[in-house]
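S.K.: Provided below: entry.cif, containing mmCIF, C-alpha atoms and all ligand atoms.
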data_input
#
loop_
_atom_site.label_atom_id
_atom_site.label_comp_id
_atom_site.auth_asym_id
_atom_site.auth_seq_id
_atom_site.Cartn_x
_atom_site.Cartn_y
_atom_site.Cartn_z
CA MET A 23 41.69 -73.89 41.52
CA ASP A 24 43.48 -76.65 39.62
CA THR A 25 41.59 -77.57 36.45
CA SER A 26 44.43 -79.19 34.54
CA ARG A 27 42.73 -82.56 34.04
CA SER A 28 39.59 -80.90 32.72
CA HIS A 29 41.76 -78.82 30.41
CA ASP A 30 43.50 -81.93 29.05
CA LEU A 31 40.20 -83.68 28.48
CA PHE A 32 38.73 -80.64 26.76
CA THR A 33 41.75 -80.44 24.46
CA ARG A 34 41.29 -84.10 23.48
CA ALA A 35 37.52 -83.68 23.18
CA GLN A 36 37.74 -80.68 20.86
CA ALA A 37 39.68 -82.73 18.33
CA LEU A 38 37.05 -85.45 18.37
CA MET A 39 33.64 -83.89 18.96
CA PRO A 40 32.21 -80.65 17.55
CA GLY A 41 33.16 -78.01 20.12
CA GLY A 42 34.37 -80.79 22.40
CA VAL A 43 30.85 -81.58 23.60
CA ASN A 44 27.70 -83.51 22.82
CA SER A 45 25.36 -80.57 23.51
CA PRO A 46 26.38 -76.97 22.73
CA VAL A 47 25.74 -75.09 25.97
CA ARG A 48 28.11 -77.40 27.87
CA ALA A 49 31.08 -75.86 26.04
CA PHE A 50 30.86 -72.57 28.00
CA LYS A 51 30.98 -70.62 24.73
CA SER A 52 28.61 -67.97 25.95
CA VAL A 53 30.36 -67.35 29.29
CA GLY A 54 33.88 -67.92 27.95
CA GLY A 55 36.57 -70.17 29.39
CA GLU A 56 36.53 -73.95 29.43
CA PRO A 57 34.05 -76.39 30.93
CA PHE A 58 34.99 -78.67 33.79
CA PHE A 59 34.58 -82.40 33.36
CA THR A 60 32.50 -84.10 36.03
CA GLN A 61 33.77 -87.30 37.62
CA ARG A 62 30.82 -87.90 39.91
CA ALA A 63 27.85 -86.18 41.50
CA ASP A 64 26.15 -86.53 44.84
CA GLY A 65 23.24 -84.65 46.43
CA ALA A 66 23.64 -80.93 45.70
CA TYR A 67 27.23 -81.33 44.48
CA LEU A 68 29.26 -82.05 41.37
CA PHE A 69 32.88 -83.24 41.73
CA ASP A 70 35.19 -82.61 38.80
CA VAL A 71 38.09 -84.72 37.55
CA ASP A 72 40.54 -82.42 39.36
CA GLY A 73 38.85 -82.99 42.70
CA ASN A 74 37.01 -79.64 42.86
CA ARG A 75 33.53 -79.55 44.36
CA TYR A 76 30.68 -77.35 43.11
CA ILE A 77 27.23 -76.62 44.51
CA ASP A 78 25.16 -77.45 41.45
CA TYR A 79 22.25 -75.29 40.27
CA VAL A 80 22.13 -76.87 36.82
CA GLY A 81 20.95 -80.27 37.97
CA SER A 82 21.72 -81.91 34.62
CA TRP A 83 19.56 -79.13 33.11
CA GLY A 84 16.53 -79.98 35.18
CA PRO A 85 16.11 -83.69 35.87
CA MET A 86 17.92 -83.91 39.21
CA ILE A 87 15.13 -82.44 41.33
CA VAL A 88 15.91 -84.74 44.26
CA GLY A 89 19.65 -84.17 43.93
CA HIS A 90 22.26 -86.39 42.34
CA ASN A 91 22.66 -90.05 43.02
CA HIS A 92 19.53 -90.38 45.12
CA PRO A 93 19.65 -93.88 46.66
CA GLN A 94 16.03 -94.67 45.78
CA VAL A 95 16.54 -93.79 42.11
CA LEU A 96 19.88 -95.58 41.97
CA ASP A 97 18.51 -98.74 43.61
CA ALA A 98 15.58 -98.83 41.17
CA VAL A 99 17.94 -98.51 38.21
CA ILE A 100 20.34 -101.20 39.44
CA ALA A 101 17.58 -103.65 40.37
CA THR A 102 15.83 -103.19 37.03
CA ALA A 103 19.03 -103.42 34.99
CA ARG A 104 19.70 -106.85 36.50
CA ASP A 105 16.64 -108.14 34.62
CA GLY A 106 17.88 -106.86 31.26
CA LEU A 107 18.45 -103.50 29.61
CA SER A 108 15.93 -103.51 26.76
CA PHE A 109 13.38 -106.02 25.55
CA GLY A 110 11.74 -104.72 22.38
CA THR A 111 8.40 -105.90 23.77
CA PRO A 112 6.01 -104.10 26.10
CA ASN A 113 7.11 -104.16 29.76
CA PRO A 114 5.10 -103.62 32.94
CA LEU A 115 6.96 -100.45 34.01
CA GLU A 116 5.64 -98.61 30.93
CA VAL A 117 2.10 -99.24 32.14
CA THR A 118 2.92 -97.98 35.64
CA MET A 119 4.56 -94.91 34.11
CA ALA A 120 1.51 -94.17 31.94
CA GLU A 121 -0.78 -94.64 34.95
CA THR A 122 1.40 -92.29 37.01
CA ILE A 123 1.58 -89.52 34.41
CA THR A 124 -2.12 -89.63 33.56
CA ARG A 125 -2.99 -89.55 37.27
CA LEU A 126 -0.73 -86.58 38.04
CA ILE A 127 -1.53 -84.64 34.85
CA PRO A 128 -5.31 -84.90 34.29
CA SER A 129 -5.18 -83.22 30.83
CA CYS A 130 -3.16 -86.25 29.67
CA GLU A 131 -5.71 -88.99 29.28
CA MET A 132 -3.21 -91.02 27.28
CA VAL A 133 0.54 -90.79 26.95
CA ARG A 134 3.35 -92.03 24.68
CA MET A 135 6.90 -92.41 26.00
CA VAL A 136 9.87 -91.27 23.89
CA ASN A 137 13.58 -90.75 24.56
CA SER A 138 14.07 -86.98 24.80
CA GLY A 139 12.24 -83.70 25.06
CA THR A 140 13.03 -83.04 21.41
CA GLU A 141 11.28 -86.23 20.35
CA ALA A 142 8.30 -85.31 22.50
CA THR A 143 7.81 -81.88 20.91
CA LEU A 144 8.43 -83.15 17.36
CA SER A 145 5.84 -85.87 17.88
CA ALA A 146 3.30 -83.49 19.45
CA ILE A 147 3.56 -81.15 16.47
CA ARG A 148 3.11 -84.01 14.01
CA LEU A 149 0.04 -85.11 15.92
CA ALA A 150 -1.33 -81.56 15.95
CA ARG A 151 -0.81 -81.22 12.20
CA GLY A 152 -2.25 -84.66 11.50
CA ALA A 153 -5.27 -84.16 13.73
CA THR A 154 -6.20 -80.67 12.50
CA GLY A 155 -5.15 -81.04 8.86
CA ARG A 156 -3.43 -77.67 9.21
CA ALA A 157 0.25 -76.86 8.64
CA ARG A 158 1.23 -73.76 10.57
CA ILE A 159 2.48 -73.72 14.14
CA VAL A 160 2.96 -70.78 16.47
CA LYS A 161 5.79 -70.46 18.97
CA PHE A 162 7.22 -67.69 21.12
CA GLU A 163 10.50 -65.83 20.77
CA GLY A 164 13.04 -67.21 23.19
CA CYS A 165 11.18 -70.47 23.77
CA TYR A 166 13.19 -73.59 23.07
CA HIS A 167 11.41 -76.80 22.20
CA GLY A 168 14.38 -78.97 21.32
CA HIS A 169 16.29 -79.00 18.07
CA GLY A 170 13.55 -80.07 15.64
CA ASP A 171 13.60 -78.09 12.39
CA SER A 172 10.24 -76.42 12.96
CA PHE A 173 11.37 -75.07 16.35
CA LEU A 174 14.71 -73.54 15.43
CA VAL A 175 13.10 -70.27 14.59
CA LYS A 176 13.79 -67.54 17.13
CA ALA A 177 14.64 -70.30 19.60
CA GLY A 178 16.09 -69.88 23.07
CA SER A 179 18.73 -71.81 25.01
CA GLY A 180 21.93 -72.50 23.03
CA ALA A 181 20.41 -71.09 19.86
CA LEU A 182 19.67 -67.82 21.63
CA THR A 183 23.03 -67.70 23.35
CA PHE A 184 24.83 -68.12 20.06
CA GLY A 185 22.64 -65.63 18.25
CA VAL A 186 21.59 -68.23 15.67
CA PRO A 187 17.85 -67.79 15.70
CA THR A 188 17.41 -69.88 12.59
CA SER A 189 19.93 -72.64 12.12
CA PRO A 190 21.45 -73.33 8.70
CA GLY A 191 19.97 -76.61 7.52
CA VAL A 192 16.40 -75.67 8.38
CA PRO A 193 14.59 -75.40 5.03
CA LYS A 194 13.00 -71.99 4.54
CA ALA A 195 9.80 -73.66 3.36
CA LEU A 196 9.50 -75.35 6.75
CA ALA A 197 10.56 -72.30 8.79
CA ASP A 198 7.85 -70.33 6.97
CA LEU A 199 5.27 -72.56 8.65
CA THR A 200 6.49 -71.47 12.10
CA LEU A 201 5.01 -68.16 13.20
CA THR A 202 6.60 -66.46 16.18
CA LEU A 203 5.14 -64.20 18.82
CA PRO A 204 6.50 -62.15 21.72
CA TYR A 205 5.93 -63.95 25.04
CA ASN A 206 3.51 -62.31 27.48
CA ASP A 207 1.96 -60.13 24.75
CA ILE A 208 -1.66 -61.23 24.33
CA GLU A 209 -2.53 -58.48 21.84
CA ALA A 210 0.12 -59.74 19.42
CA ALA A 211 -1.31 -63.26 19.75
CA GLU A 212 -4.86 -62.04 19.09
CA LYS A 213 -3.72 -60.17 16.00
CA LEU A 214 -1.86 -63.17 14.64
CA PHE A 215 -4.85 -65.48 15.19
CA ASP A 216 -7.13 -62.92 13.51
CA GLU A 217 -4.94 -63.11 10.41
CA HIS A 218 -3.89 -66.77 10.35
CA GLY A 219 -6.19 -68.54 12.84
CA ASP A 220 -7.70 -70.90 10.25
CA ASP A 221 -4.26 -72.25 9.22
CA ILE A 222 -2.85 -72.80 12.69
CA ALA A 223 -2.51 -76.43 13.80
CA ALA A 224 -1.09 -75.61 17.21
CA LEU A 225 0.39 -73.02 19.46
CA ILE A 226 3.28 -74.39 21.48
CA ILE A 227 4.62 -72.59 24.53
CA GLU A 228 6.89 -73.06 27.50
CA PRO A 229 4.26 -71.98 30.06
CA VAL A 230 7.12 -70.62 32.15
CA VAL A 231 9.98 -69.80 29.78
CA GLY A 232 13.14 -71.49 31.02
CA ASN A 233 15.23 -71.05 27.91
CA ALA A 234 15.43 -67.25 27.86
CA ASN A 235 16.44 -67.08 31.52
CA CYS A 236 13.23 -67.57 33.57
CA LEU A 237 10.10 -65.69 32.50
CA PRO A 238 6.82 -66.40 34.30
CA PRO A 239 3.52 -65.82 32.50
CA ARG A 240 1.63 -62.61 33.28
CA ALA A 241 -1.69 -63.06 35.07
CA GLY A 242 -4.26 -64.42 32.61
CA PHE A 243 -1.83 -64.84 29.71
CA LEU A 244 -2.04 -68.65 29.51
CA GLN A 245 -5.83 -68.56 30.03
CA GLN A 246 -6.19 -66.09 27.16
CA LEU A 247 -4.06 -68.28 24.90
CA ARG A 248 -6.31 -71.22 25.82
CA GLU A 249 -9.35 -69.21 24.74
CA LEU A 250 -7.73 -68.07 21.50
CA CYS A 251 -6.80 -71.62 20.52
CA THR A 252 -10.26 -72.96 21.31
CA GLN A 253 -11.90 -70.14 19.39
CA HIS A 254 -9.79 -70.82 16.26
CA GLY A 255 -9.72 -74.63 16.40
CA ALA A 256 -5.97 -74.74 17.06
CA LEU A 257 -4.44 -77.06 19.61
CA LEU A 258 -2.71 -75.62 22.67
CA ILE A 259 0.52 -77.47 23.47
CA PHE A 260 2.28 -76.87 26.76
CA ASP A 261 5.91 -77.83 26.46
CA GLU A 262 6.45 -78.93 30.04
CA VAL A 263 9.78 -80.61 29.39
CA MET A 264 11.28 -78.19 31.89
CA THR A 265 8.29 -77.11 33.98
CA GLY A 266 6.70 -80.57 34.33
CA PHE A 267 7.07 -81.87 37.90
CA ARG A 268 9.33 -78.83 38.48
CA VAL A 269 7.08 -75.83 39.13
CA ALA A 270 4.40 -78.00 40.80
CA LEU A 271 3.58 -81.68 40.98
CA GLY A 272 1.03 -81.17 38.21
CA GLY A 273 3.36 -78.89 36.23
CA ALA A 274 2.63 -75.37 35.04
CA GLN A 275 -0.85 -76.44 33.92
CA ALA A 276 -1.76 -77.20 37.53
CA ARG A 277 -0.01 -74.12 38.89
CA TYR A 278 -1.82 -71.75 36.52
CA GLY A 279 -5.04 -73.75 36.12
CA VAL A 280 -5.00 -74.09 32.34
CA ALA A 281 -5.59 -77.40 30.54
CA PRO A 282 -3.71 -77.73 27.25
CA ASP A 283 -4.76 -80.16 24.50
CA LEU A 284 -1.32 -81.76 24.40
CA SER A 285 1.65 -81.66 26.77
CA THR A 286 5.27 -82.65 26.39
CA PHE A 287 7.56 -83.85 29.16
CA GLY A 288 11.18 -84.87 29.69
CA LYS A 289 13.88 -84.20 32.26
CA VAL A 290 12.30 -85.04 35.69
CA ILE A 291 10.19 -87.95 34.37
CA GLY A 292 13.40 -89.73 33.37
CA GLY A 293 15.13 -89.34 36.72
CA GLY A 294 18.38 -88.64 34.87
CA MET A 295 17.91 -91.24 32.12
CA PRO A 296 17.08 -90.26 28.51
CA VAL A 297 13.28 -90.00 28.58
CA GLY A 298 10.55 -87.84 27.11
CA ALA A 299 6.78 -88.17 26.81
CA TYR A 300 3.83 -86.54 25.16
CA GLY A 301 0.22 -86.89 26.06
CA GLY A 302 -3.19 -85.30 25.88
CA ARG A 303 -6.83 -85.84 25.19
CA ARG A 304 -7.76 -89.42 24.36
CA GLU A 305 -9.35 -88.65 20.98
CA LEU A 306 -6.10 -86.97 19.90
CA MET A 307 -3.73 -89.58 21.26
CA GLN A 308 -5.81 -92.37 19.68
CA GLN A 309 -4.68 -91.00 16.31
CA ILE A 310 -1.10 -92.11 17.01
CA ALA A 311 0.09 -95.39 15.46
CA PRO A 312 -0.79 -98.19 15.86
CA ALA A 313 -4.14 -97.00 17.23
CA GLY A 314 -4.37 -94.42 14.43
CA PRO A 315 -2.62 -93.30 11.25
CA ILE A 316 -0.11 -90.72 12.58
CA TYR A 317 3.25 -92.43 12.75
CA GLN A 318 5.69 -92.21 15.62
CA ALA A 319 7.95 -94.94 17.03
CA GLY A 320 11.14 -95.66 19.02
CA THR A 321 13.43 -98.69 19.44
CA LEU A 322 14.23 -97.79 23.04
CA SER A 323 11.03 -95.93 23.96
CA GLY A 324 9.64 -97.06 27.32
CA ASN A 325 13.01 -98.60 28.18
CA PRO A 326 12.63 -100.49 31.47
CA VAL A 327 15.69 -98.99 33.17
CA ALA A 328 14.67 -95.47 32.18
CA MET A 329 11.10 -96.11 33.36
CA ALA A 330 12.42 -97.39 36.71
CA ALA A 331 14.51 -94.26 37.22
CA GLY A 332 11.60 -92.00 36.29
CA LEU A 333 9.12 -93.85 38.47
CA ALA A 334 11.46 -93.68 41.47
CA MET A 335 11.83 -89.94 40.89
CA LEU A 336 8.07 -89.43 40.52
CA ASP A 337 7.54 -91.40 43.71
CA LEU A 338 9.90 -89.08 45.61
CA VAL A 339 8.33 -85.85 44.38
CA GLN A 340 4.89 -87.02 45.52
CA ALA A 341 6.00 -86.85 49.16
CA PRO A 342 3.69 -84.45 51.04
CA GLY A 343 5.09 -80.91 51.10
CA PHE A 344 7.84 -81.66 48.55
CA TYR A 345 7.05 -78.67 46.30
CA ASP A 346 6.40 -76.24 49.19
CA ALA A 347 9.83 -77.07 50.60
CA LEU A 348 11.46 -76.78 47.18
CA GLU A 349 9.84 -73.42 46.53
CA ALA A 350 10.86 -72.13 49.98
CA LYS A 351 14.48 -73.01 49.15
CA THR A 352 14.28 -71.28 45.77
CA ASN A 353 12.87 -68.19 47.48
CA ALA A 354 15.55 -68.23 50.18
CA LEU A 355 18.28 -68.43 47.55
CA CYS A 356 16.81 -65.68 45.34
CA ASP A 357 16.09 -63.37 48.31
CA GLY A 358 19.66 -63.91 49.52
CA LEU A 359 21.13 -63.16 46.11
CA GLU A 360 19.02 -60.02 45.70
CA ALA A 361 20.11 -58.73 49.12
CA ALA A 362 23.77 -59.46 48.33
CA ALA A 363 23.52 -57.60 45.01
CA ARG A 364 21.77 -54.66 46.65
CA ASP A 365 24.51 -54.38 49.28
CA ALA A 366 27.15 -54.43 46.53
CA GLY A 367 25.26 -51.80 44.51
CA VAL A 368 24.76 -54.14 41.53
CA ALA A 369 21.56 -53.80 39.46
CA PHE A 370 20.08 -57.28 39.76
CA SER A 371 16.72 -59.00 40.02
CA THR A 372 15.38 -62.55 40.10
CA GLN A 373 12.32 -64.51 39.02
CA ARG A 374 11.28 -67.74 40.68
CA VAL A 375 8.58 -70.31 40.00
CA GLY A 376 8.57 -73.43 42.17
CA GLY A 377 11.93 -75.13 41.76
CA MET A 378 13.24 -72.93 38.93
CA PHE A 379 14.65 -69.43 38.96
CA GLY A 380 16.22 -66.72 36.80
CA LEU A 381 19.04 -64.29 37.56
CA PHE A 382 18.88 -60.96 35.71
CA PHE A 383 21.50 -58.25 35.67
CA SER A 384 18.82 -55.59 35.48
CA ALA A 385 17.26 -53.36 38.12
CA GLU A 386 13.73 -54.06 36.88
CA LYS A 387 11.63 -57.22 37.12
CA VAL A 388 11.99 -59.03 33.81
CA ASP A 389 9.13 -60.95 32.20
CA THR A 390 9.58 -60.44 28.48
CA TYR A 391 12.10 -61.79 26.03
CA ALA A 392 13.08 -58.26 24.94
CA GLN A 393 13.89 -57.37 28.55
CA ALA A 394 15.83 -60.62 29.03
CA VAL A 395 17.96 -59.90 25.98
CA ALA A 396 18.58 -56.33 27.17
CA CYS A 397 20.13 -57.52 30.48
CA ASP A 398 23.86 -57.05 31.05
CA SER A 399 25.08 -60.46 29.89
CA ALA A 400 28.76 -59.43 30.06
CA ARG A 401 28.22 -58.83 33.77
CA PHE A 402 26.46 -62.16 34.12
CA ASN A 403 29.47 -63.87 32.53
CA ARG A 404 31.84 -62.27 35.06
CA PHE A 405 29.48 -63.26 37.87
CA PHE A 406 29.29 -66.82 36.56
CA HIS A 407 33.08 -67.20 36.67
CA ALA A 408 33.39 -65.47 40.04
CA MET A 409 30.87 -67.98 41.43
CA LEU A 410 32.52 -70.95 39.73
CA GLU A 411 35.86 -70.04 41.30
CA ARG A 412 34.07 -70.09 44.64
CA GLY A 413 32.63 -73.54 44.02
CA VAL A 414 29.13 -72.65 42.78
CA PHE A 415 28.00 -73.90 39.37
CA LEU A 416 25.30 -71.74 37.77
CA ALA A 417 23.97 -72.36 34.27
CA PRO A 418 26.78 -71.31 31.90
CA SER A 419 24.59 -68.86 29.98
CA ALA A 420 22.60 -65.75 30.84
CA PHE A 421 19.67 -67.32 28.99
CA GLU A 422 19.11 -70.44 31.07
CA ALA A 423 17.01 -70.97 34.17
CA GLY A 424 18.56 -72.30 37.36
CA PHE A 425 17.26 -75.35 39.19
CA MET A 426 16.85 -76.05 42.90
CA SER A 427 16.80 -79.59 44.28
CA SER A 428 15.53 -81.09 47.50
CA ALA A 429 19.15 -82.02 48.28
CA HIS A 430 20.10 -78.34 48.63
CA ALA A 431 19.97 -77.62 52.36
CA GLN A 432 20.21 -74.30 54.16
CA ALA A 433 23.99 -74.83 54.40
CA GLU A 434 24.34 -74.89 50.60
CA ILE A 435 22.06 -71.89 50.19
CA ASP A 436 24.02 -69.93 52.81
CA ALA A 437 27.31 -70.89 51.17
CA THR A 438 25.96 -69.79 47.78
CA VAL A 439 24.83 -66.42 49.11
CA ALA A 440 28.18 -65.93 50.88
CA ALA A 441 30.00 -66.67 47.61
CA ALA A 442 27.64 -64.29 45.80
CA ARG A 443 28.48 -61.46 48.24
CA GLU A 444 32.13 -61.75 47.23
CA ALA A 445 31.28 -62.24 43.56
CA PHE A 446 28.97 -59.20 43.41
CA ALA A 447 31.65 -57.08 45.14
CA GLU A 448 34.19 -58.30 42.58
CA ILE A 449 32.03 -57.45 39.59
CA ALA A 450 30.61 -54.19 41.02
CA ALA A 451 33.64 -52.30 39.79
N1 LIG B 1 11.57 -78.34 25.56
C1 LIG B 1 12.06 -77.61 26.57
C2 LIG B 1 11.18 -76.60 27.26
C3 LIG B 1 13.39 -77.77 26.96
O1 LIG B 1 13.88 -77.03 27.96
C4 LIG B 1 14.18 -78.72 26.30
C5 LIG B 1 15.59 -78.92 26.67
O2 LIG B 1 16.18 -78.20 27.43
C6 LIG B 1 13.61 -79.47 25.27
C7 LIG B 1 12.30 -79.26 24.92
C8 LIG B 1 14.42 -80.50 24.54
O3 LIG B 1 14.66 -81.58 25.38
P1 LIG B 1 15.90 -82.56 25.09
O4 LIG B 1 17.13 -81.77 25.33
O5 LIG B 1 15.69 -83.67 26.07
O6 LIG B 1 15.77 -83.02 23.68
#
Spit out the file's structure as structure tokens when you get a sec.
Ligand code: PLP

M.R.:
Amino acid sequence: MDTSRSHDLFTRAQALMPGGVNSPVRAFKSVGGEPFFTQRADGAYLFDVDGNRYIDYVGSWGPMIVGHNHPQVLDAVIATARDGLSFGTPNPLEVTMAETITRLIPSCEMVRMVNSGTEATLSAIRLARGATGRARIVKFEGCYHGHGDSFLVKAGSGALTFGVPTSPGVPKALADLTLTLPYNDIEAAEKLFDEHGDDIAALIIEPVVGNANCLPPRAGFLQQLRELCTQHGALLIFDEVMTGFRVALGGAQARYGVAPDLSTFGKVIGGGMPVGAYGGRRELMQQIAPAGPIYQAGTLSGNPVAMAAGLAMLDLVQAPGFYDALEAKTNALCDGLEAAARDAGVAFSTQRVGGMFGLFFSAEKVDTYAQAVACDSARFNRFFHAMLERGVFLAPSAFEAGFMSSAHAQAEIDATVAAAREAFAEIAA
């Protein structure tokens, strides 16, 4: 595979941008080697600058749930852009977006648009602290909520991959306010609330962890957290930046039947444009400026072009049967990969929830962070490269979920499983 143009670009990029990238995990540091540079994307495929084609299971890290370059999304963006890129006044698409989100996510009676998932989680935590008058927050090991200071404590995603659980630059005084818990361990949560319950403003969780591979919640876990928060007057925040409109139309909260006080969104709701949102109960959201005293703002928030992309995407995912079909594809892929690994004698298991999945180099089913960390990541790295050479792009880290799109047809799934048969045989040795 010729990757000379990508190599040249990466050499130039490394002299100009930290690590050659604008977001760490793109640099392939955890899997080794060099990233490819994408020229264009279409449907289930990425095409790099050297003319190589990859079946894409990263999907821009989640947003591209209908595949790349979907004509409906593209047309909406182009048509809206013709009327101007940003106004600095309210625009009608923001109202349609708010109506759409509040209709699809009943726990969000009001919503505020922002520009990234990070902004959404930062704002939700400020609201939780402002509304409760409490300072502490609780998060789970391996969960990633963006790069806000309060969250870079035992975080997942790039922070986990690089083994930097607490980033330099995060003041200790602030990190001390973030308490961490093991995911899927309700006893640990009960104990922590017994000790600190009165000081806790909010518990924030990825209801399905997508930043420590893919860890679904155990039966009753999210319900029990809901009860704990209610009992102690803490707010429950579901960070649905990844799971929102991904594991079900109504997100993880619909799939598991638990209503959080606040929710955060990103990725899918932007259709590939930089968008985030947070929302929740009316009496909480009314405390945000200018309705209330808790400040949060954004020059480009509610940007018309971004709203148009997101609305087109949300329109597509509301098609009847969209999530059943997506889930069936995820299952077909994961079943195929498990069978291929079994035939090659490689210890391997998967997790799947709706349109997201996890690949684990472990014989057992994995649903805790400790188990995820104990998986054979060196083997994953070899598998990643063996798949890449065969034209399949998996997330370049053993600690990231994979994403299915509606553009992946049986042909792409079959081709992926065929590539995996060869890749598993190669790494079995
Ligand atoms: N929350 C979750 C669950 C995420 O997966 C991410 C990003 O991957 C974020 C928050 C941060 O979103 P962004 O990268 O848009 O700032």

S.K.: (35.4, -66.5, 28.0) in this file's frame - what residues fall within 10 Å of it? Use only C-alpha atoms and give the answer as a list in words.

M.R.: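 Selection result: Phe50, Lys51, Ser52, Val53, Gly54, Gly55, Glu56, Ala400, Asn403, Arg404 and His407 of chain A.
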
S.K.: Restricted to C-alpha atoms, what would the selected residues look like written as a tab-separated table (two decimals), in the coordinates of the input?

M.R.:
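Generated file (part.tsv):
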chain	number	residue	atom	x	y	z
A	50	PHE	CA	30.86	-72.57	28.00
A	51	LYS	CA	30.98	-70.62	24.73
A	52	SER	CA	28.61	-67.97	25.95
A	53	VAL	CA	30.36	-67.35	29.29
A	54	GLY	CA	33.88	-67.92	27.95
A	55	GLY	CA	36.57	-70.17	29.39
A	56	GLU	CA	36.53	-73.95	29.43
A	400	ALA	CA	28.76	-59.43	30.06
A	403	ASN	CA	29.47	-63.87	32.53
A	404	ARG	CA	31.84	-62.27	35.06
A	407	HIS	CA	33.08	-67.20	36.67

S.K.: Mind checking which residues fall within 6 Å of segment 233-244 of chain A, counting only C-alpha atoms, ignoring those fewer than 2 positions away in the same chain, and posting them as number ranges by chain?

M.R.: A: 164-166, 178-179, 230-231, 246-247, 379-380, 389, 421-423

S.K.: Using all atoms listed in the file, determine which residues fall within 6 Å of ligand LIG 1 (chain B), then list them as a list in words.

M.R.: Ser138, Gly139, Thr140, Tyr166, His167, Gly168, Glu228, Asp261, Glu262, Val263, Met264 and Gly288 of chain A

S.K.: Please produce a file of those selected residues containing C-alpha atoms, as an mmCIF file, keeping the file's coordinate frame.

M.R.:
data_model
loop_
_atom_site.group_PDB
_atom_site.id
_atom_site.type_symbol
_atom_site.label_atom_id
_atom_site.label_comp_id
_atom_site.auth_asym_id
_atom_site.auth_seq_id
_atom_site.Cartn_x
_atom_site.Cartn_y
_atom_site.Cartn_z
ATOM 1 C CA SER A 138 14.070 -86.980 24.800
ATOM 2 C CA GLY A 139 12.240 -83.700 25.060
ATOM 3 C CA THR A 140 13.030 -83.040 21.410
ATOM 4 C CA TYR A 166 13.190 -73.590 23.070
ATOM 5 C CA HIS A 167 11.410 -76.800 22.200
ATOM 6 C CA GLY A 168 14.380 -78.970 21.320
ATOM 7 C CA GLU A 228 6.890 -73.060 27.500
ATOM 8 C CA ASP A 261 5.910 -77.830 26.460
ATOM 9 C CA GLU A 262 6.450 -78.930 30.040
ATOM 10 C CA VAL A 263 9.780 -80.610 29.390
ATOM 11 C CA MET A 264 11.280 -78.190 31.890
ATOM 12 C CA GLY A 288 11.180 -84.870 29.690
#

S.K.: Near Ala442 of chain A, counting all atoms listed in the file, which residues have an atom at most 10 Å away, once you skip same-chain residues fewer than 2 positions from it, shown as a JSON list (two decimals) with C-alpha atoms, in the frame of the given file?

M.R.:
[["chain", "number", "residue", "atom", "x", "y", "z"],
["A", 358, "GLY", "CA", 19.66, -63.91, 49.52],
["A", 359, "LEU", "CA", 21.13, -63.16, 46.11],
["A", 360, "GLU", "CA", 19.02, -60.02, 45.70],
["A", 361, "ALA", "CA", 20.11, -58.73, 49.12],
["A", 362, "ALA", "CA", 23.77, -59.46, 48.33],
["A", 363, "ALA", "CA", 23.52, -57.60, 45.01],
["A", 366, "ALA", "CA", 27.15, -54.43, 46.53],
["A", 405, "PHE", "CA", 29.48, -63.26, 37.87],
["A", 406, "PHE", "CA", 29.29, -66.82, 36.56],
["A", 408, "ALA", "CA", 33.39, -65.47, 40.04],
["A", 409, "MET", "CA", 30.87, -67.98, 41.43],
["A", 412, "ARG", "CA", 34.07, -70.09, 44.64],
["A", 414, "VAL", "CA", 29.13, -72.65, 42.78],
["A", 436, "ASP", "CA", 24.02, -69.93, 52.81],
["A", 437, "ALA", "CA", 27.31, -70.89, 51.17],
["A", 438, "THR", "CA", 25.96, -69.79, 47.78],
["A", 439, "VAL", "CA", 24.83, -66.42, 49.11],
["A", 440, "ALA", "CA", 28.18, -65.93, 50.88],
["A", 444, "GLU", "CA", 32.13, -61.75, 47.23],
["A", 445, "ALA", "CA", 31.28, -62.24, 43.56],
["A", 446, "PHE", "CA", 28.97, -59.20, 43.41],
["A", 447, "ALA", "CA", 31.65, -57.08, 45.14],
["A", 448, "GLU", "CA", 34.19, -58.30, 42.58]]

S.K.: Rounded to one decimal in Å, what is the spacing between atom CA of Ala276 of chain A and atom CA of Ile127 of chain A?

M.R.: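 The value is 7.9 Å.
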
S.K.: Could the centre and edge lengths of an axis-aligned box, enclosing all atoms of segment 124-140 of chain A in the file with 8 Å extra on each side, be given in Å to one decimal as lines of an AutoDock Vina configuration file?

M.R.:
center_x = 4.2
center_y = -87.7
center_z = 29.7
size_x = 35.8
size_y = 25.4
size_z = 32.6
